[in-house]
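Q: So I've got this file, upload07.cif, and it contains mmCIF, C-alpha atoms:
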data_input
#
loop_
_atom_site.label_atom_id
_atom_site.label_comp_id
_atom_site.auth_asym_id
_atom_site.auth_seq_id
_atom_site.Cartn_x
_atom_site.Cartn_y
_atom_site.Cartn_z
CA MET A 1 -8.78 14.72 -7.14
CA PHE A 2 -8.02 17.33 -4.54
CA SER A 3 -11.52 18.23 -3.31
CA SER A 4 -11.19 16.06 -0.17
CA LEU A 5 -8.08 18.00 0.82
CA LEU A 6 -10.24 20.96 1.78
CA LEU A 7 -11.46 18.99 4.81
CA PHE A 8 -8.12 19.32 6.56
CA THR A 9 -8.77 22.76 8.14
CA ALA A 10 -7.57 22.87 11.76
CA LEU A 11 -7.16 19.07 11.77
CA VAL A 12 -4.30 16.62 11.60
CA ILE A 13 -5.19 14.44 8.63
CA ARG A 14 -4.79 10.66 8.73
CA PRO A 15 -2.44 10.07 5.78
CA SER A 16 -4.09 6.94 4.39
CA GLU A 17 -7.14 8.98 3.45
CA LEU A 18 -5.21 11.22 1.09
CA THR A 19 -2.62 8.99 -0.62
CA VAL A 20 -2.55 9.72 -4.35
CA THR A 21 -0.83 8.17 -7.35
CA PRO A 22 0.68 11.19 -9.14
CA TRP A 23 1.05 9.46 -12.51
CA ALA A 24 -2.47 7.99 -12.61
CA ASP A 25 -3.58 10.25 -15.46
CA SER A 26 -0.39 10.03 -17.51
CA ASP A 27 1.35 7.56 -19.80
CA LYS A 28 4.26 7.05 -17.39
CA ARG A 29 3.12 3.53 -16.38
CA ALA A 30 4.25 4.20 -12.83
CA SER A 31 1.29 3.11 -10.76
CA GLU A 32 3.61 2.08 -7.92
CA VAL A 33 4.54 5.72 -7.24
CA MET A 34 2.60 6.98 -4.22
CA PHE A 35 2.44 10.34 -2.52
CA THR A 36 1.05 10.61 1.03
CA PRO A 37 0.46 13.89 2.93
CA TYR A 38 0.94 14.23 6.68
CA LEU A 39 -0.50 17.70 7.29
CA THR A 40 -0.21 19.68 10.51
CA GLU A 41 -2.50 22.13 12.20
CA ASN A 42 -2.04 25.62 10.73
CA SER A 43 -0.49 23.93 7.72
CA HIS A 44 -0.30 27.11 5.62
CA GLU A 45 2.06 28.71 8.13
CA ALA A 46 4.27 25.65 8.41
CA PRO A 47 7.11 24.58 6.13
CA SER A 48 6.56 21.46 4.03
CA VAL A 49 9.00 18.63 3.35
CA ILE A 50 8.89 15.89 0.72
CA VAL A 51 10.41 12.77 2.32
CA CYS A 52 12.38 10.34 0.13
CA PRO A 53 13.39 7.06 1.83
CA GLY A 54 16.61 5.28 0.99
CA GLY A 55 17.19 1.78 -0.30
CA SER A 56 20.10 1.86 -2.77
CA TYR A 57 17.72 2.88 -5.59
CA CYS A 58 16.73 -0.82 -5.52
CA TRP A 59 13.95 -0.72 -2.90
CA LEU A 60 12.61 1.70 -0.28
CA ASP A 61 12.82 1.70 3.52
CA VAL A 62 9.25 2.97 3.69
CA LYS A 63 8.87 2.46 7.43
CA GLY A 64 12.12 3.63 9.01
CA GLU A 65 13.06 6.38 6.54
CA GLY A 66 9.56 7.18 5.33
CA ILE A 67 6.54 6.81 7.60
CA GLU A 68 8.44 7.32 10.84
CA VAL A 69 10.16 10.42 9.44
CA ALA A 70 6.90 11.89 8.14
CA GLU A 71 5.16 11.29 11.46
CA TRP A 72 8.05 12.88 13.35
CA LEU A 73 7.99 15.96 11.11
CA GLN A 74 4.23 16.25 11.55
CA LYS A 75 4.66 16.22 15.34
CA GLN A 76 7.17 19.08 15.00
CA GLY A 77 4.60 21.22 13.18
CA ILE A 78 6.04 20.54 9.72
CA ASN A 79 3.93 19.28 6.82
CA ALA A 80 5.40 16.05 5.46
CA PHE A 81 4.73 14.38 2.11
CA LEU A 82 6.04 10.83 1.83
CA LEU A 83 7.11 10.01 -1.72
CA GLN A 84 7.42 6.36 -2.70
CA TYR A 85 9.34 6.85 -5.93
CA ARG A 86 10.31 4.30 -8.55
CA THR A 87 13.26 2.01 -7.87
CA ALA A 88 15.01 -0.73 -9.82
CA GLY A 89 13.23 -3.33 -7.68
CA PHE A 90 14.21 -6.70 -6.24
CA GLY A 91 13.84 -8.34 -9.65
CA ALA A 92 16.50 -6.10 -11.16
CA TYR A 93 18.74 -6.58 -8.14
CA PHE A 94 18.66 -10.38 -8.26
CA THR A 95 18.34 -11.10 -11.98
CA HIS A 96 20.02 -8.20 -13.82
CA TYR A 97 17.17 -8.28 -16.35
CA ARG A 98 17.87 -4.65 -17.24
CA TYR A 99 20.61 -5.89 -19.53
CA VAL A 100 17.79 -6.71 -21.97
CA ALA A 101 14.86 -4.57 -20.75
CA ARG A 102 14.74 -0.97 -19.60
CA GLY A 103 13.10 -1.40 -16.22
CA ASN A 104 13.20 1.53 -13.80
CA ARG A 105 16.32 3.68 -13.89
CA HIS A 106 17.47 7.29 -14.18
CA PRO A 107 15.77 9.68 -14.74
CA ASP A 108 12.63 7.95 -13.39
CA MET A 109 13.42 8.65 -9.75
CA LEU A 110 14.16 12.34 -10.30
CA CYS A 111 11.11 12.57 -12.55
CA ASP A 112 8.94 11.31 -9.66
CA LEU A 113 10.39 13.85 -7.24
CA GLN A 114 9.95 16.72 -9.69
CA ARG A 115 6.37 15.60 -10.24
CA ALA A 116 5.79 15.79 -6.48
CA ILE A 117 7.29 19.29 -6.27
CA ARG A 118 5.17 20.45 -9.18
CA LEU A 119 2.04 18.81 -7.77
CA LEU A 120 2.42 20.58 -4.45
CA ARG A 121 3.19 23.99 -5.88
CA GLU A 122 0.42 23.88 -8.47
CA ASN A 123 -2.12 22.75 -5.87
CA ALA A 124 -0.80 24.59 -2.81
CA ASP A 125 -4.20 26.16 -2.06
CA GLU A 126 -5.94 22.79 -2.11
CA TYR A 127 -3.30 21.31 0.18
CA GLY A 128 -3.36 24.40 2.37
CA ILE A 129 0.41 24.89 2.27
CA ASN A 130 2.82 27.68 1.47
CA PRO A 131 4.48 26.89 -1.90
CA ASP A 132 7.45 29.06 -0.95
CA LYS A 133 8.37 26.92 2.07
CA LEU A 134 8.82 23.59 0.31
CA GLY A 135 11.90 21.49 0.98
CA VAL A 136 13.06 17.94 0.34
CA MET A 137 14.57 15.40 2.75
CA GLY A 138 16.23 12.13 1.79
CA PHE A 139 18.21 9.33 3.35
CA SER A 140 21.07 7.36 1.77
CA ALA A 141 20.08 6.92 -1.91
CA GLY A 142 17.15 9.20 -1.11
CA GLY A 143 19.75 11.74 -0.01
CA HIS A 144 21.26 11.51 -3.47
CA LEU A 145 17.83 11.95 -5.02
CA VAL A 146 16.94 15.11 -3.10
CA MET A 147 20.37 16.55 -3.80
CA SER A 148 19.84 15.77 -7.49
CA SER A 149 16.69 17.89 -7.39
CA GLY A 150 18.84 20.78 -6.19
CA CYS A 151 21.42 20.22 -8.90
CA TYR A 152 19.00 19.82 -11.81
CA TYR A 153 15.99 21.97 -10.91
CA SER A 154 16.41 23.91 -14.17
CA MET A 155 15.83 20.72 -16.20
CA ASP A 156 12.24 19.38 -16.28
CA PHE A 157 12.45 15.58 -16.40
CA THR A 158 8.67 15.12 -16.08
CA SER A 159 7.95 15.88 -19.76
CA LEU A 160 4.48 17.04 -18.80
CA PRO A 161 2.61 19.73 -20.74
CA GLN A 162 2.56 23.05 -18.97
CA ASP A 163 -1.25 23.18 -18.75
CA SER A 164 -1.11 25.59 -15.83
CA PRO A 165 1.17 28.46 -14.83
CA THR A 166 4.76 27.27 -14.72
CA VAL A 167 6.04 26.61 -11.21
CA SER A 168 9.62 26.34 -10.04
CA LEU A 169 11.07 22.87 -9.58
CA ARG A 170 13.72 24.26 -7.24
CA PRO A 171 13.28 23.11 -3.62
CA ASP A 172 13.56 25.87 -1.04
CA PHE A 173 15.92 23.75 1.08
CA ILE A 174 17.52 20.30 0.99
CA VAL A 175 18.10 17.87 3.85
CA SER A 176 20.48 15.06 2.88
CA ILE A 177 21.15 12.44 5.56
CA TYR A 178 24.06 9.94 5.20
CA PRO A 179 23.73 10.37 1.42
CA VAL A 180 25.14 8.63 -1.59
CA VAL A 181 26.88 11.41 -3.55
CA THR A 182 29.40 10.17 -6.08
CA MET A 183 29.15 7.60 -8.87
CA GLU A 184 32.92 7.32 -9.22
CA LYS A 185 35.67 5.37 -7.46
CA PRO A 186 36.98 5.17 -4.83
CA TYR A 187 33.92 6.16 -2.76
CA VAL A 188 31.02 5.03 -4.95
CA HIS A 189 28.27 2.91 -3.41
CA LYS A 190 28.11 0.36 -6.19
CA ARG A 191 24.64 -1.01 -5.45
CA SER A 192 23.12 2.49 -5.61
CA ARG A 193 24.99 3.23 -8.83
CA ARG A 194 23.66 0.10 -10.49
CA GLY A 195 20.15 0.71 -9.11
CA LEU A 196 20.11 4.26 -10.45
CA LEU A 197 21.96 3.98 -13.74
CA GLY A 198 21.22 0.40 -14.79
CA GLU A 199 23.49 -2.39 -15.95
CA TRP A 200 24.58 -0.53 -19.08
CA GLY A 201 24.36 3.00 -17.74
CA LYS A 202 26.75 2.38 -14.85
CA ASN A 203 29.52 2.00 -17.44
CA ARG A 204 28.72 5.22 -19.30
CA VAL A 205 31.29 7.80 -18.29
CA LYS A 206 29.12 10.81 -19.16
CA LEU A 207 26.16 9.52 -17.15
CA ARG A 208 28.32 8.66 -14.14
CA ARG A 209 29.75 12.16 -14.18
CA MET A 210 26.31 13.73 -14.50
CA MET A 211 25.06 11.89 -11.42
CA SER A 212 28.23 12.45 -9.38
CA LEU A 213 26.69 15.41 -7.61
CA GLU A 214 29.92 16.83 -6.21
CA ASP A 215 30.78 17.88 -9.78
CA ASN A 216 27.39 19.38 -10.61
CA ILE A 217 26.49 21.91 -7.92
CA PRO A 218 24.85 24.93 -9.61
CA GLU A 219 25.27 28.53 -8.52
CA GLY A 220 21.60 28.64 -7.53
CA CYS A 221 21.65 25.49 -5.41
CA PRO A 222 19.25 25.74 -2.43
CA PRO A 223 20.57 25.72 1.15
CA VAL A 224 21.64 22.24 2.26
CA PHE A 225 21.62 20.46 5.62
CA LEU A 226 24.03 17.51 5.48
CA VAL A 227 24.70 14.77 8.04
CA ASN A 228 26.73 11.55 8.10
CA CYS A 229 28.80 9.32 10.42
CA LYS A 230 32.44 8.37 10.03
CA ASP A 231 31.72 4.76 10.99
CA ASP A 232 29.08 4.34 8.26
CA PRO A 233 29.54 0.75 7.00
CA VAL A 234 27.27 1.14 3.97
CA VAL A 235 27.98 4.47 2.24
CA ASP A 236 31.58 5.64 2.54
CA TRP A 237 31.66 8.74 4.72
CA HIS A 238 33.81 10.53 2.17
CA ASN A 239 30.68 10.94 0.02
CA SER A 240 29.48 13.68 2.37
CA VAL A 241 32.96 15.22 2.53
CA LEU A 242 32.93 15.52 -1.27
CA LEU A 243 29.54 17.22 -1.16
CA ASP A 244 30.54 19.57 1.66
CA SER A 245 33.65 20.61 -0.27
CA ALA A 246 31.67 21.20 -3.46
CA LEU A 247 29.05 23.30 -1.67
CA THR A 248 31.78 25.32 0.04
CA ALA A 249 33.59 25.91 -3.25
CA LYS A 250 30.39 27.27 -4.82
CA GLY A 251 29.54 29.41 -1.80
CA ILE A 252 26.26 27.59 -1.18
CA ARG A 253 24.75 28.14 2.24
CA HIS A 254 24.85 24.84 4.10
CA ARG A 255 25.52 23.09 7.37
CA TYR A 256 27.56 19.90 7.50
CA ILE A 257 27.50 17.80 10.67
CA GLN A 258 29.84 14.82 10.81
CA TYR A 259 29.40 12.42 13.71
CA GLU A 260 32.06 9.94 14.80
CA LYS A 261 29.57 7.13 15.47
CA GLY A 262 26.05 6.29 14.35
CA LEU A 263 26.45 3.82 11.49
CA HIS A 264 23.80 4.03 8.75
CA GLY A 265 20.03 3.89 8.35
CA PHE A 266 18.97 5.34 11.70
CA GLY A 267 16.40 7.78 10.30
CA VAL A 268 14.66 9.59 13.17
CA SER A 269 14.91 6.61 15.52
CA GLU A 270 15.59 7.11 19.21
CA ILE A 271 16.97 3.54 19.34
CA TYR A 272 19.22 3.07 16.30
CA GLY A 273 22.36 4.99 15.54
CA SER A 274 24.23 6.57 18.44
CA GLU A 275 23.37 9.10 21.10
CA GLU A 276 25.20 11.79 19.14
CA SER A 277 23.80 10.88 15.70
CA ARG A 278 20.24 10.97 17.02
CA ARG A 279 20.72 14.69 17.68
CA TRP A 280 20.69 15.49 13.96
CA LYS A 281 16.94 16.04 13.82
CA TYR A 282 17.00 18.73 16.49
CA ALA A 283 19.94 20.42 14.78
CA PHE A 284 17.82 20.37 11.63
CA LEU A 285 14.99 22.19 13.41
CA ASP A 286 17.45 24.85 14.61
CA TRP A 287 18.80 25.19 11.07
CA LEU A 288 15.30 25.72 9.65
CA ALA A 289 14.76 28.49 12.20
CA GLU A 290 18.06 30.10 11.18
CA LEU A 291 16.87 30.09 7.56
CA GLY A 292 13.73 31.91 8.69
CA ILE A 293 11.57 29.05 7.43
CA LYS A 294 10.24 27.82 10.77
#
Now that the file is in, can you turn its structure into structure tokens?
A:
Amino acid sequence: MFSSLLLFTALVIRPSELTVTPWADSDKRASEVMFTPYLTENSHEAPSVIVCPGGSYCWLDVKGEGIEVAEWLQKQGINAFLLQYRTAGFGAYFTHYRYVARGNRHPDMLCDLQRAIRLLRENADEYGINPDKLGVMGFSAGGHLVMSSGCYYSMDFTSLPQDSPTVSLRPDFIVSIYPVVTMEKPYVHKRSRRGLLGEWGKNRVKLRRMMSLEDNIPEGCPPVFLVNCKDDPVVDWHNSVLLDSALTAKGIRHRYIQYEKGLHGFGVSEIYGSEESRRWKYAFLDWLAELGIK
């Protein structure tokens, strides 16, 4: 499956040539999950980032928070890997059929991200990347997903046999942009909660607490870069405040940037958001350099 990846040397690879379905050889029945590399020149020296678009855990903004982000990272000399993970889907959003059928719900999304981390680390030589410079970046619900990977890296949700040397599921850094964080009132984004937990799960107190990330930051949480805007009309800006406070309380290295204006969903756009919010991506590059990763 990975033999064609050896052709990348000293080239920028066109992503469509290398898109893989990471669950193709498993019983996960998740053929919709896709994983697309955007490799840079000198890819082994560069950091790598798995990109997780947002979409309330109901759908994915593949273009604005996926492809455009991956292409921007690639232009900055950073390997990007766009993950199109499982979501509840439009059918679940409009019909609530998950009252009677399982559908896609937690832990499917985290399982997909862990599979991507494992895939990259186990096949780092074939991809030509450094497995010790692997981070995750997510937007909105995707920001919740990548932060979940930092909270629960010690739990393997993939249920795959360890047929090769065990690799760490802990990302080396986390970039969470205008993220969903809590599953509890008063700041919960209800659509994301239902998309993630399901019609029955959203009412389970234990599950809501487990996925309220502000209450589940581990001592070994990776460094975090966190951004949001106070005028966000979609995800209450207090979500990021809760996460910042939790990271501070645990002594986790992180940078929190709160902008006054910028709304929601601007990704790496030079059009959407505000002049100040569009600066986040350059602050992120500076932060990576401070970590000694770029």
Q: Using the chain letters and numbers from the file, which residues does the PyMOL selection byres ((chain A and resi 294) around 10) grab, as a ChimeraX atom specification?
A: /A:45-48,77-78,133,285-293
Q: Using only C-alpha atoms, which of A:Ile271, A:Met155, A:Ala141, A:Met147 sits nearest His189 (chain A)?
A: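 Under the stated criterion, the closest residue is A:Ala141.
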Q: With only C-alpha atoms as the counted atoms, please give the residues lying no more than 10 Å from Pro131 (chain A), apart from itself and same-chain residues fewer than 6 positions off, as a ChimeraX atom specification.
A: /A:44,47-48,117-118,120-125,167-168,171-172
Q: Using only C-alpha atoms, which residue out of A:Tyr178, A:Tyr99, A:Phe157, A:Tyr152 lies closest to Val234 (chain A)?
A: A:Tyr178
Q: Which residues fall under the PyMOL selection byres ((chain A and resi 179) around 9) in this file, as a list in words?
A: Gly54, Gly138, Phe139, Ser140, Ala141, Gly142, Gly143, His144, Leu145, Met147, Ser176, Ile177, Tyr178, Val180, Val181, Leu226, Val227, Asn228, Val235, Trp237, Asn239 and Ser240 of chain A
Q: If I take CA of Gly265 (chain A) and CA of Val224 (chain A), how far is one from the other in Å, to one decimal?
A: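 Taking CA of Gly265 (chain A) as the start and CA of Val224 (chain A) as the end point, the length is 19.4 Å.
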Q: Exactly which residues make up the result of the PyMOL selection byres ((chain A and resi 108) around 10) on this file, given as a PyMOL selection string?
A: chain A and resi 28+30+85-88+103-107+109-114+157-158+196
Q: In Å to one decimal, how far is CA of Val146 (chain A) from CA of Glu126 (chain A)?
A: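 Those two atoms sit 24.2 Å apart.
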